[in-house]
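The file protein.txt contains compact mmCIF, C-alpha atoms:
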# COMPACT_ATOMS: atom_id res chain seq x y z
CA MET A 1 15.24 2.14 11.55
CA SER A 2 19.01 2.43 11.22
CA THR A 3 20.42 5.64 9.79
CA ASP A 4 21.78 3.85 6.71
CA PHE A 5 18.35 2.59 5.69
CA PRO A 6 16.86 4.46 2.70
CA ILE A 7 13.83 6.64 3.30
CA VAL A 8 11.20 6.86 0.55
CA LYS A 9 9.67 10.34 0.44
CA LEU A 10 6.07 10.68 -0.76
CA VAL A 11 4.38 14.08 -0.93
CA GLY A 12 0.75 15.11 -1.30
CA THR A 13 -0.67 18.60 -1.69
CA LYS A 14 0.45 19.38 1.86
CA LYS A 15 1.37 16.20 3.73
CA THR A 16 4.76 14.47 3.45
CA VAL A 17 5.12 10.77 4.30
CA LEU A 18 8.47 9.08 4.94
CA VAL A 19 8.40 5.34 4.31
CA GLY A 20 11.07 3.55 6.32
CA ALA A 21 11.54 6.30 8.89
CA THR A 22 9.56 4.50 11.60
CA LYS A 23 8.72 1.00 12.76
CA ARG A 24 5.04 1.88 12.41
CA PRO A 25 4.20 0.92 8.82
CA ILE A 26 2.75 3.49 6.43
CA LEU A 27 -0.88 2.67 5.60
CA ILE A 28 -1.85 3.10 1.94
CA GLY A 29 -5.64 3.15 1.67
CA GLU A 30 -6.95 0.52 -0.73
CA ARG A 31 -10.58 1.54 -1.20
CA ILE A 32 -10.30 3.56 -4.44
CA ASN A 33 -9.84 0.39 -6.45
CA PRO A 34 -12.85 -1.08 -8.28
CA THR A 35 -11.85 -4.73 -7.90
CA ASN A 36 -14.90 -6.47 -6.40
CA ARG A 37 -16.46 -3.10 -5.52
CA LYS A 38 -19.75 -2.71 -7.38
CA LYS A 39 -20.63 0.79 -6.14
CA LEU A 40 -17.21 2.14 -7.04
CA ILE A 41 -17.45 0.61 -10.51
CA GLU A 42 -20.81 2.31 -10.99
CA ALA A 43 -19.42 5.63 -9.73
CA ILE A 44 -16.48 5.52 -12.16
CA LYS A 45 -18.74 4.70 -15.09
CA ALA A 46 -21.09 7.53 -14.09
CA LYS A 47 -18.19 9.97 -13.57
CA ASP A 48 -19.41 10.44 -10.02
CA TRP A 49 -16.24 12.00 -8.64
CA ALA A 50 -18.03 13.15 -5.49
CA TYR A 51 -18.32 9.46 -4.54
CA ILE A 52 -14.55 9.10 -5.04
CA GLN A 53 -13.96 12.21 -2.94
CA ASN A 54 -16.04 10.77 -0.10
CA GLU A 55 -14.03 7.54 -0.22
CA ALA A 56 -10.83 9.57 -0.05
CA LYS A 57 -11.99 11.69 2.89
CA SER A 58 -13.28 8.67 4.80
CA GLN A 59 -10.00 6.79 4.45
CA VAL A 60 -7.87 9.74 5.53
CA ALA A 61 -10.17 10.42 8.47
CA ALA A 62 -9.77 6.76 9.48
CA GLY A 63 -5.97 7.01 9.45
CA ALA A 64 -4.70 6.38 5.91
CA ASP A 65 -1.26 7.95 5.33
CA CYS A 66 -1.52 7.64 1.53
CA LEU A 67 -4.20 6.64 -0.97
CA ASP A 68 -4.04 4.20 -3.85
CA ILE A 69 -5.88 5.42 -6.97
CA ASN A 70 -7.06 2.80 -9.46
CA VAL A 71 -9.90 3.48 -11.92
CA GLY A 72 -9.53 0.45 -14.20
CA VAL A 73 -13.02 -0.81 -15.01
CA PRO A 74 -13.83 -3.51 -17.61
CA GLY A 75 -15.33 -1.94 -20.70
CA GLU A 76 -13.93 1.49 -19.84
CA ASP A 77 -10.44 1.04 -21.27
CA GLU A 78 -10.70 3.95 -23.69
CA HIS A 79 -11.74 6.24 -20.82
CA GLU A 80 -9.19 5.12 -18.23
CA LYS A 81 -6.72 7.95 -18.94
CA ALA A 82 -9.40 10.60 -18.55
CA ASN A 83 -10.82 8.82 -15.50
CA MET A 84 -7.41 8.71 -13.84
CA ILE A 85 -6.90 12.44 -14.39
CA ALA A 86 -10.38 13.23 -13.08
CA ALA A 87 -9.98 10.98 -10.03
CA ILE A 88 -6.60 12.44 -9.08
CA THR A 89 -7.89 15.97 -9.47
CA ALA A 90 -11.01 15.24 -7.43
CA VAL A 91 -9.12 13.47 -4.65
CA GLN A 92 -6.46 16.16 -4.34
CA GLU A 93 -9.17 18.78 -3.96
CA VAL A 94 -10.32 17.23 -0.68
CA VAL A 95 -7.34 15.46 0.94
CA ASP A 96 -3.69 16.41 1.32
CA VAL A 97 -2.02 12.97 1.55
CA PRO A 98 0.31 11.44 -1.09
CA LEU A 99 -1.12 9.21 -3.81
CA SER A 100 -0.17 5.85 -5.29
CA LEU A 101 -1.01 5.73 -9.02
CA ASP A 102 -2.22 2.24 -9.82
CA SER A 103 -2.94 0.84 -13.30
CA SER A 104 -2.03 -2.10 -15.50
CA ASN A 105 -1.63 0.39 -18.36
CA PRO A 106 1.65 2.39 -18.32
CA ALA A 107 0.05 5.11 -20.48
CA VAL A 108 -2.60 5.67 -17.79
CA ILE A 109 0.09 5.98 -15.13
CA GLU A 110 1.95 8.52 -17.23
CA GLN A 111 -1.19 10.61 -17.66
CA GLY A 112 -1.57 10.59 -13.91
CA LEU A 113 2.04 11.61 -13.38
CA LYS A 114 1.49 14.63 -15.62
CA VAL A 115 -1.27 16.08 -13.44
CA VAL A 116 -0.68 14.83 -9.88
CA LYS A 117 0.62 17.29 -7.31
CA GLY A 118 3.53 16.38 -5.06
CA ILE A 119 5.53 13.16 -5.25
CA PRO A 120 3.37 10.06 -5.79
CA MET A 121 4.36 6.40 -5.97
CA ILE A 122 3.92 4.32 -9.11
CA ASN A 123 2.02 1.10 -8.44
CA SER A 124 3.62 -0.83 -10.05
CA THR A 125 6.19 -2.72 -12.07
CA THR A 126 6.82 -6.47 -11.98
CA GLY A 127 9.77 -8.63 -12.97
CA GLU A 128 8.26 -9.07 -16.44
CA GLU A 129 10.44 -7.55 -19.14
CA LYS A 130 7.63 -5.62 -20.83
CA ARG A 131 6.63 -4.08 -17.51
CA LEU A 132 10.18 -3.22 -16.42
CA SER A 133 10.94 -1.52 -19.72
CA ALA A 134 7.72 0.50 -19.59
CA ILE A 135 7.45 1.51 -15.93
CA LEU A 136 11.01 2.07 -14.69
CA PRO A 137 11.72 4.79 -17.29
CA LEU A 138 8.57 6.61 -16.12
CA ALA A 139 9.84 6.58 -12.55
CA LYS A 140 13.16 7.99 -13.75
CA GLN A 141 11.60 10.60 -16.05
CA TYR A 142 9.19 11.93 -13.43
CA ASN A 143 11.60 11.38 -10.52
CA VAL A 144 9.14 9.40 -8.38
CA PRO A 145 9.32 6.19 -6.34
CA VAL A 146 8.07 2.92 -7.81
CA LEU A 147 6.73 -0.28 -6.26
CA GLY A 148 8.05 -3.55 -7.69
CA LEU A 149 6.03 -6.77 -7.41
CA ALA A 150 7.93 -10.04 -6.92
CA LEU A 151 6.35 -11.87 -9.86
CA ASP A 152 7.37 -12.54 -13.44
CA ASP A 153 5.94 -14.12 -16.59
CA ALA A 154 5.41 -17.38 -14.70
CA GLY A 155 3.21 -15.67 -12.09
CA ILE A 156 3.71 -15.44 -8.32
CA PRO A 157 6.29 -17.98 -7.15
CA ALA A 158 5.09 -20.26 -4.38
CA GLN A 159 8.54 -20.34 -2.75
CA ALA A 160 10.57 -17.47 -1.29
CA PRO A 161 13.88 -18.01 -3.19
CA LYS A 162 12.30 -17.24 -6.57
CA ARG A 163 10.58 -14.15 -5.16
CA MET A 164 13.92 -12.99 -3.81
CA GLU A 165 15.48 -13.51 -7.22
CA ILE A 166 12.80 -11.38 -8.89
CA ALA A 167 13.13 -8.68 -6.23
CA LYS A 168 16.87 -8.45 -6.88
CA LYS A 169 16.25 -8.35 -10.63
CA ILE A 170 13.89 -5.39 -10.24
CA ALA A 171 16.35 -3.57 -7.99
CA ASP A 172 19.27 -4.17 -10.37
CA ARG A 173 17.28 -2.87 -13.34
CA ALA A 174 16.13 0.17 -11.38
CA TYR A 175 19.69 1.06 -10.40
CA LYS A 176 20.88 0.51 -13.96
CA ILE A 177 18.69 3.31 -15.28
CA GLY A 178 19.62 5.65 -12.45
CA LEU A 179 16.97 5.17 -9.77
CA GLU A 180 18.11 5.34 -6.15
CA PRO A 181 17.25 3.04 -3.22
CA THR A 182 15.14 5.94 -1.93
CA GLN A 183 12.93 5.53 -5.01
CA LEU A 184 12.20 1.83 -4.77
CA LEU A 185 9.90 -0.39 -2.73
CA ILE A 186 9.34 -4.12 -3.24
CA ASP A 187 6.13 -6.05 -2.65
CA PRO A 188 6.93 -9.70 -1.77
CA LEU A 189 3.25 -10.56 -2.49
CA ALA A 190 0.89 -12.70 -0.49
CA LEU A 191 -0.83 -15.92 -1.49
CA ALA A 192 -3.83 -17.33 0.33
CA CYS A 193 -2.77 -19.69 3.11
CA ALA A 194 -5.91 -21.72 2.41
CA THR A 195 -4.56 -22.82 -0.97
CA SER A 196 -0.82 -22.17 -0.60
CA PRO A 197 0.41 -23.75 2.65
CA GLU A 198 3.73 -21.90 2.50
CA GLY A 199 2.22 -18.64 1.25
CA GLY A 200 2.62 -16.77 4.51
CA ARG A 201 6.14 -18.01 5.16
CA ALA A 202 7.26 -17.19 1.62
CA SER A 203 6.07 -13.60 2.05
CA LEU A 204 7.71 -13.22 5.45
CA ASP A 205 11.04 -14.71 4.37
CA THR A 206 11.07 -12.47 1.30
CA ILE A 207 10.41 -9.36 3.40
CA GLY A 208 13.39 -10.25 5.57
CA TYR A 209 15.60 -10.67 2.51
CA ILE A 210 14.48 -7.35 1.01
CA ARG A 211 15.00 -5.55 4.32
CA ASN A 212 18.31 -7.08 5.36
CA THR A 213 20.04 -8.01 2.10
CA LEU A 214 18.67 -5.62 -0.53
CA LYS A 215 18.18 -2.96 2.17
CA LEU A 216 15.00 -1.65 0.59
CA ASN A 217 11.55 -0.66 1.75
CA THR A 218 8.62 -3.01 1.35
CA SER A 219 4.88 -2.89 0.88
CA ILE A 220 2.29 -5.64 0.70
CA GLY A 221 -1.42 -6.12 0.03
CA LEU A 222 -2.63 -7.90 3.16
CA SER A 223 -6.00 -9.31 2.22
CA ASN A 224 -4.91 -12.16 -0.08
CA ILE A 225 -3.31 -14.02 2.81
CA SER A 226 -6.66 -14.66 4.51
CA PHE A 227 -8.79 -15.55 1.49
CA GLY A 228 -10.89 -18.63 2.19
CA MET A 229 -10.30 -18.47 5.96
CA PRO A 230 -12.62 -17.46 8.80
CA GLU A 231 -12.01 -14.28 10.81
CA ARG A 232 -10.26 -12.62 7.88
CA PRO A 233 -9.78 -9.16 9.47
CA ARG A 234 -8.10 -10.67 12.52
CA LEU A 235 -5.92 -12.93 10.40
CA ASN A 236 -4.90 -9.95 8.25
CA ALA A 237 -3.95 -8.02 11.39
CA ALA A 238 -1.89 -10.93 12.72
CA PHE A 239 -0.10 -11.19 9.38
CA LEU A 240 0.58 -7.44 9.45
CA LEU A 241 2.35 -7.74 12.80
CA LEU A 242 4.47 -10.64 11.54
CA CYS A 243 5.38 -8.63 8.44
CA VAL A 244 6.42 -5.64 10.55
CA GLY A 245 8.59 -7.98 12.63
CA GLN A 246 10.41 -8.93 9.44
CA GLY A 247 10.98 -5.27 8.56
CA MET A 248 8.01 -4.29 6.41
CA THR A 249 7.62 -0.51 6.19
CA SER A 250 4.31 0.04 4.37
CA PHE A 251 1.21 -1.85 3.32
CA ILE A 252 -1.96 -1.49 1.28
CA GLY A 253 -5.04 -2.10 3.38
CA ASN A 254 -8.42 -0.89 4.55
CA PRO A 255 -8.11 2.06 6.98
CA MET A 256 -11.67 1.40 8.23
CA ASP A 257 -10.66 -2.04 9.51
CA LYS A 258 -10.45 -1.77 13.30
CA ASP A 259 -8.26 -4.86 13.62
CA ILE A 260 -5.73 -3.41 11.16
CA GLN A 261 -5.71 -0.05 12.92
CA PHE A 262 -5.33 -1.74 16.30
CA ALA A 263 -2.27 -3.59 14.99
CA VAL A 264 -0.75 -0.40 13.57
CA LYS A 265 -1.31 1.50 16.83
CA SER A 266 0.18 -1.43 18.75
CA VAL A 267 3.38 -1.24 16.71
CA GLY A 268 3.81 2.44 17.55
CA LEU A 269 3.23 1.69 21.23
CA MET A 270 5.58 -1.30 21.46
CA TRP A 271 8.46 0.46 19.68
CA GLY A 272 8.19 3.62 21.75
CA GLU A 273 7.17 5.77 18.81
CA ASP A 274 3.82 6.57 20.43
CA LYS A 275 4.94 8.64 23.43
CA TYR A 276 3.24 7.39 26.60
CA GLY A 277 0.86 5.41 24.36
CA MET A 278 -1.41 8.39 23.84
CA ASN A 279 -2.38 7.47 20.25
CA TYR A 280 -3.04 3.89 21.31
CA VAL A 281 -5.17 4.93 24.28
CA ARG A 282 -7.10 7.47 22.22
CA TYR A 283 -7.82 4.90 19.54
CA CYS A 284 -9.01 2.31 22.06
CA LYS A 285 -11.28 4.78 23.86
CA THR A 286 -12.88 5.81 20.57
CA ASN A 287 -13.26 2.37 19.01
CA PHE A 288 -13.48 -0.01 21.97
CA PRO A 289 -15.41 1.90 24.63
CA ALA A 290 -15.91 0.17 27.97
CA PRO A 291 -19.40 -1.26 28.42
CA GLU A 292 -21.69 0.69 30.67
CA GLN A 293 -21.95 -0.68 34.16
CA PRO A 294 -25.48 -1.57 35.32
CA LYS A 295 -26.90 0.94 37.74
CA LYS A 296 -27.22 -0.24 41.31
CA VAL A 297 -30.74 -0.57 42.57
CA ALA A 298 -31.24 1.08 45.95

Would you mind giving the structure from this file in structure tokens?
Amino acid sequence: MSTDFPIVKLVGTKKTVLVGATKRPILIGERINPTNRKKLIEAIKAKDWAYIQNEAKSQVAAGADCLDINVGVPGEDEHEKANMIAAITAVQEVVDVPLSLDSSNPAVIEQGLKVVKGIPMINSTTGEEKRLSAILPLAKQYNVPVLGLALDDAGIPAQAPKRMEIAKKIADRAYKIGLEPTQLLIDPLALACATSPEGGRASLDTIGYIRNTLKLNTSIGLSNISFGMPERPRLNAAFLLLCVGQGMTSFIGNPMDKDIQFAVKSVGLMWGEDKYGMNYVRYCKTNFPAPEQPKKVA
């Protein structure tokens, strides 16, 4: 990245992550989020924080640079604040990476900000007025980066120009209250190509605009792009590489996905950030071992 590009600093209990410092995108582990995850929902309801700790350790071991923490479960609204505190505490006991605090409830995010160690990211604000006015002041008060989603009261725009407009609106509001470019990331959002023919292109064009015009870091949730299509992991990985080509600097994904990890390692190799390709080679040897050759019969 060029020297004038802002670097977003995220800090865990020991590990520091710099978003925008490399071409290799920062991987934010998505698996501590109960959406469509029955076992995780059951664990949160049962206060089984050991299960959450195992998820955290597995993701970091698989290569996650940061972890998203979301404990929002239907029917558990009155417990979400306490659950967020407990989850953060449990996770930070076993892993040292930075966290992304994820909730639709600003009060839950604030509770998390009060107890988390290091410098987390807030996930997230949108272009909706009620969300901007609730989340941006928290980022300013606690001096932490925030992720802005390119949607507003009308939902996710199908076309790139409207997404760009919302991204600029979020950036302008963030600067107005005193946040710096080093404290802001924008998610251009992804719509399923199966139902939104221009969904992929809209995301890619918006990433380019955010990178080159707004000069900000980006993040994106990959999996929506492939919904309804065959070979979803491979399609997600292909989309990831296209996003990186447009300037994307971080993403939320599954660290256990070999196709995703292969794409990430490939970026480091191609841009010379993986010296002599050692990380790439090591990953391939571990995850794609050569088949055993049949023994010759004398």

Determine, for each residue of region 23-121 of chain A having at least one atom at most 7 Å from an atom of region 240-258 of chain A, the closest pair of atoms and their separation in Å to one decimal, counting only C-alpha atoms; order by chain and ascending number, as CSV.
residue,atom,partner,partner_atom,distance
A:Lys23,CA,A:Thr249,CA,6.8
A:Pro25,CA,A:Ser250,CA,4.5
A:Ile26,CA,A:Ser250,CA,4.3
A:Leu27,CA,A:Phe251,CA,5.5
A:Ile28,CA,A:Ile252,CA,4.6
A:Gly29,CA,A:Gly253,CA,5.6
A:Glu30,CA,A:Gly253,CA,5.2
A:Arg31,CA,A:Asn254,CA,6.6
A:Gln59,CA,A:Pro255,CA,5.7
A:Ala62,CA,A:Pro255,CA,5.6
A:Gly63,CA,A:Pro255,CA,5.9
A:Ala64,CA,A:Pro255,CA,5.6

Problem set entry | Using only C-alpha atoms: which of A:Gly127, A:Pro230, A:Gly72, A:Gly12 has the shortest distance to Pro188 (chain A) | A:Gly127

Return the padded bounding box of region 164-171 of chain A as AutoDock Vina command-line options: axis-aligned, built from all atoms listed in the file, 5 Å added on each side, with centre and edge lengths in Å to one decimal.
--center_x 14.8 --center_y -8.5 --center_z -7.2 --size_x 14.1 --size_y 19.9 --size_z 16.8

Which residues of region 206-244 of chain A come within 12 Å of region 121-126 of chain A, and what is each one's closest atom pair and distance in Å (one decimal), counting only C-alpha atoms, sorted by chain and residue number, as JSON lines?
{"residue": "A:Ser219", "atom": "CA", "partner": "A:Asn123", "partner_atom": "CA", "distance": 10.5}
{"residue": "A:Ile220", "atom": "CA", "partner": "A:Asn123", "partner_atom": "CA", "distance": 11.4}
{"residue": "A:Gly221", "atom": "CA", "partner": "A:Asn123", "partner_atom": "CA", "distance": 11.6}

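Of note, CA of Ser226 (chain A) and CA of Tyr51 (chain A) are spaced 28.3 Å apart.
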
For this session: Find the residues around Leu214 (chain A) up to 9 Å (all atoms listed in the file counted), leave out those fewer than 5 positions away in its own chain, and share them as a PyMOL selection string.
Result: chain A and resi 167-168+171+209

For this session: Work out how far CA of Gly20 (chain A) is from CA of Met270 (chain A), in Å to one decimal.
Result: 16.8 Å

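As for CA of Asp274 (chain A) and CA of Ala237 (chain A), they are spaced 18.8 Å apart.
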
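Residues surrounding Ile69 (chain A) within 6 Å are Ile32, Ser100, Leu101 and Asp102 of chain A [only C-alpha atoms; sequence separation below 2 positions excluded].
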